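Student: Can you keep this structure in mind? I'll have questions shortly.
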Amino acid sequence: RGLPRLPKRAVDTWPVQFTSHADDYASTWLQGALFTLFTLGLGLPWARLRCRRHLLQHTQLGGQVLDDHASPWAMLVRQLLVMALLSGGGLAALDSAWAGLAGLTIAMLSWPMLWLAAVSHRVNRMSWGRRPLAWQGRVSDAWRAAAAPLVWLLGGVWLVAAWLALGRPPKATWAVGGVAWALLGVLLLSEGAWRLAGLRQSGARVGPLRLRWQARRAEVRQACLRQWVQTTWLGAALGGLALVAVWAVQALSPAWGPIGAVLVGGAIALVWALTSWWQWQARLFCLVWDQTGNRSLRFRCVLSARSLLGEHLLQACLVVGTGGIYLPWAQHRAWALRARSVTLRSRVALHSVMRHWPARHARVEVAMEWGSR
């Protein structure tokens with residue numbers, strides 16, 4: 001309210017520009033990888049922040065550069081906290097399977113608070129043209145948003161544990177219950193995805209303007225259902241391929257049959273998991289940014305989920321084919337593809353937004369510049 005709008009039906013279009021060179025990012029990534037290796041993993045937050053700042057500082061929206069002023073120390077605290085939770089659960093599992101399950105439950109119940117801290121820390125330390133962005137969210141909102149998928153996941157884990165504890169009874173009741181629980185997950189996971197995406201997008205403020213996420217539950221539910229069907233179909237196809245490969249290994253070399261079966265099964269499972277995850281991320285990226293905006297600002301995404309998934313698969317093949325050497329170039333290309341596919345449409349003149357959103361020199365937490373001085 002109070003911002004002068006453009007004349008009727010007049011809309012300014014501001015595409016996102018990305019000006020970084022892949023070789024420069026690869027050099028930054030390599031320095032961060034070496035620093036992380038020499039510090040035994042403790043330098044990972046500094047390395048991640050330096051890579052992220054490189055990408056953001058070469059991303060422009062409306063002629064204004066993005067930047068990240070996050071503190072690597074806060075990222076290190078979250079990293080140590082996650083490691084402590086996982087280590088505690090692993091040590092408890094060595095003593096007792098039920099103790100390990102209880103530790104896993106505690107770690108999963110802590111996820112909404114960790115997610116809230118990560119999103120708040122990331123957005124509240126970002127700036128656009130030296131103008132700080134803002135994000136507001138409460139712990140209670142994060143708990144309500146994540147309650148449905150967490151309850152479903154924890155319930156499924158405890159049901160599997162009870163089935164194993166009872167000696168794997170081959171009863172039809174368990175089979176029917178498992179199918180019913182899987183179908184229930186379609187509804188609960190879609191509800192959680194809709195609530196979490198809405199909380200993340202609607203809590204952001206661009207100066208005097210607050211964003212909104214305008215997607216409906218039905219759209220997210222339909223996307224989750226399509227993802228579920230495609231994941232099931234992909235699993236069935238890869239499972240058949242794995243059976244053929246295992247049969248061929250056992251026929252050619254019976255002595256290497258068990259080892260070959262394990263290797264083939266692990267590779268197929270990894271391909272299935274990565275492909276399903278990338279497919280969901282591509283679908284969610286297009287849905288989230290194409291439905292984010294308000295009466296004055298509106299984001300538009302021209303990238304299809306199929307194109308983004310194809311790009312991910314291509315980059316994965318290049319990374320595997322080069323033994324991991326191509327990884328920084330793949331990350332750079334993925335960022336460039338996502339950034340250039342988003343356009344900001346505004347019914348308010350950009351200079352009006354900037355006038356009501358004064359720039360200030362935020363205190364920047366300086367990450368270690370390896371070899372810069």
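We label chains A, B, ... in the order they appear in the structure tokens, count residues from 1 in each chain, and number ligands from 1 in the order shown.
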Please report, as a ChimeraX atom specification, each residue of stretch 122-354 of chain A to which DSSP assigns strand (DSSP E or B) when run on this structure's backbone.
Tutor: /A:126-128,131-132,134-135,204-206,209-210,212-213,292-293,297-301,342-346,348
Student: Using only C-alpha atoms, which residues sit within 10 Å of A:Ala117 once same-chain residues fewer than 2 positions away are excluded, as a list in words?
Tutor: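 Contacts, in chain order: Ala74, Met75, Arg78, Trp111, Pro112, Met113, Leu114, Trp115, Val119, Ser120, His121, Arg122, Gly137, Arg138 and Val139 of chain A.
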Student: Find the spatial neighbours of A:Gly203, counting only C-alpha atoms, within a cut-off of 12 Å - ignore same-chain residues fewer than 5 positions away - and output them as a ChimeraX atom specification.
Tutor: /A:116,119-120,123-124,133-138,141-142,195-198,209-213,292-293
Student: Can you work out which one of A:Leu243, A:Ala33, A:Cys224, A:Ala251 has the shortest atom-to-atom distance to A:Gln281, counting only C-alpha atoms?
Tutor: A:Cys224
Student: Find the spatial neighbours of stretch 47-55 of chain A, counting only C-alpha atoms, within a cut-off of 8 Å - ignore same-chain residues fewer than 3 positions away - and output them as a list of chain:residue names.
Tutor: A:Ser20, A:Tyr25, A:Thr28, A:Trp29, A:Gln31, A:Gly32, A:Ala33, A:Phe35, A:Thr36, A:Gly43, A:Leu44, A:His58, A:Thr59, A:Asp67, A:Asp68, A:Ala70, A:Pro72, A:His332, A:Trp335, A:Ala367
Student: Let me make sure I understand: among A:Met108, A:Leu91, A:Leu56, A:Ala204, which one has the smallest atom-to-atom distance to A:Gly155 if we use only C-alpha atoms?
Tutor: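 Checking each of A:Met108, A:Leu91, A:Leu56, A:Ala204 against A:Gly155, counting only C-alpha atoms, the winner is A:Met108.
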Student: Hey, what does DSSP flag as helix (DSSP H, G or I) within stretch 192-329 of chain A? Can you give it to me as number ranges by chain?
Tutor: A: 192-202, 217-252, 254-290, 305-321, 327-329
Student: Quick one: residues within 12 Å of A:Arg131, only C-alpha atoms counted, chain neighbours fewer than 3 positions away excluded, as a VMD selection string?
Tutor: chain A and resid 64 to 69 124 to 128 134 205 to 208 353 to 362
Student: With N, CA, C and O atoms kept, could you save the residues just selected as a compact mmCIF listing (two decimals), in the first residue's frame?
Tutor:
```txt
# COMPACT_ATOMS: atom_id res chain seq x y z
N GLN A 64 20.12 -5.15 -10.35
CA GLN A 64 20.63 -5.17 -8.98
C GLN A 64 21.21 -6.54 -8.67
O GLN A 64 20.61 -7.57 -9.02
N VAL A 65 22.35 -6.57 -8.01
CA VAL A 65 23.07 -7.81 -7.74
C VAL A 65 22.62 -8.40 -6.42
O VAL A 65 22.39 -7.68 -5.44
N LEU A 66 22.50 -9.71 -6.38
CA LEU A 66 22.21 -10.42 -5.14
C LEU A 66 23.50 -10.70 -4.39
O LEU A 66 24.59 -10.72 -4.97
N ASP A 67 23.38 -10.93 -3.10
CA ASP A 67 24.55 -11.25 -2.29
C ASP A 67 24.10 -12.00 -1.05
O ASP A 67 22.90 -12.00 -0.70
N ASP A 68 25.05 -12.62 -0.39
CA ASP A 68 24.78 -13.40 0.82
C ASP A 68 25.75 -12.95 1.90
O ASP A 68 26.97 -13.01 1.71
N HIS A 69 25.22 -12.50 3.04
CA HIS A 69 26.02 -12.02 4.16
C HIS A 69 25.92 -12.96 5.35
O HIS A 69 26.01 -12.53 6.50
N ASN A 124 17.39 -14.09 5.59
CA ASN A 124 17.62 -12.85 6.32
C ASN A 124 19.03 -12.31 6.16
O ASN A 124 19.31 -11.18 6.59
N ARG A 125 19.92 -13.10 5.59
CA ARG A 125 21.29 -12.62 5.34
C ARG A 125 21.52 -12.32 3.86
O ARG A 125 22.64 -12.00 3.48
N MET A 126 20.46 -12.40 3.05
CA MET A 126 20.60 -12.08 1.64
C MET A 126 20.26 -10.62 1.39
O MET A 126 19.54 -9.99 2.18
N SER A 127 20.80 -10.08 0.31
CA SER A 127 20.52 -8.70 -0.07
C SER A 127 20.34 -8.62 -1.57
O SER A 127 20.89 -9.43 -2.33
N TRP A 128 19.59 -7.61 -1.97
CA TRP A 128 19.36 -7.33 -3.39
C TRP A 128 19.71 -5.87 -3.63
O TRP A 128 19.01 -4.97 -3.19
N ALA A 134 14.12 -10.06 3.89
CA ALA A 134 13.65 -10.45 5.22
C ALA A 134 12.74 -11.65 5.10
O ALA A 134 12.06 -11.84 4.08
N ARG A 205 9.90 -11.17 2.49
CA ARG A 205 9.56 -9.76 2.22
C ARG A 205 10.61 -9.17 1.31
O ARG A 205 11.81 -9.31 1.55
N VAL A 206 10.15 -8.50 0.26
CA VAL A 206 11.02 -7.77 -0.65
C VAL A 206 10.82 -6.29 -0.37
O VAL A 206 9.99 -5.62 -0.99
N GLY A 207 11.56 -5.79 0.58
CA GLY A 207 11.40 -4.41 0.99
C GLY A 207 10.02 -4.17 1.57
O GLY A 207 9.60 -4.84 2.53
N PRO A 208 9.24 -3.23 1.00
CA PRO A 208 7.89 -2.97 1.53
C PRO A 208 6.85 -3.98 1.07
O PRO A 208 5.69 -3.89 1.49
N VAL A 353 9.97 1.01 -5.75
CA VAL A 353 10.27 0.02 -4.71
C VAL A 353 11.57 0.36 -4.01
O VAL A 353 11.67 0.30 -2.77
N MET A 354 12.58 0.74 -4.78
CA MET A 354 13.86 1.07 -4.18
C MET A 354 13.78 2.32 -3.31
O MET A 354 14.48 2.42 -2.30
N ARG A 355 12.94 3.26 -3.68
CA ARG A 355 12.82 4.48 -2.88
C ARG A 355 12.18 4.19 -1.52
O ARG A 355 12.51 4.83 -0.52
N HIS A 356 11.27 3.24 -1.47
CA HIS A 356 10.65 2.85 -0.21
C HIS A 356 11.43 1.74 0.50
O HIS A 356 10.97 1.22 1.52
N TRP A 357 12.58 1.41 -0.02
CA TRP A 357 13.38 0.31 0.53
C TRP A 357 14.83 0.77 0.57
O TRP A 357 15.64 0.41 -0.25
N PRO A 358 15.18 1.60 1.54
CA PRO A 358 16.53 2.18 1.56
C PRO A 358 17.61 1.13 1.75
O PRO A 358 17.42 0.15 2.46
N ALA A 359 18.71 1.36 1.08
CA ALA A 359 19.85 0.44 1.19
C ALA A 359 20.64 0.79 2.45
O ALA A 359 20.73 1.94 2.87
N ARG A 360 21.18 -0.22 3.04
CA ARG A 360 22.07 -0.01 4.17
C ARG A 360 23.21 -1.00 4.06
O ARG A 360 23.06 -2.10 3.53
N HIS A 361 24.32 -0.60 4.59
CA HIS A 361 25.51 -1.44 4.51
C HIS A 361 25.45 -2.42 5.67
O HIS A 361 25.83 -2.12 6.79
N ALA A 362 24.94 -3.61 5.37
CA ALA A 362 24.85 -4.63 6.39
C ALA A 362 26.26 -5.14 6.73
O ALA A 362 27.16 -5.15 5.90
```
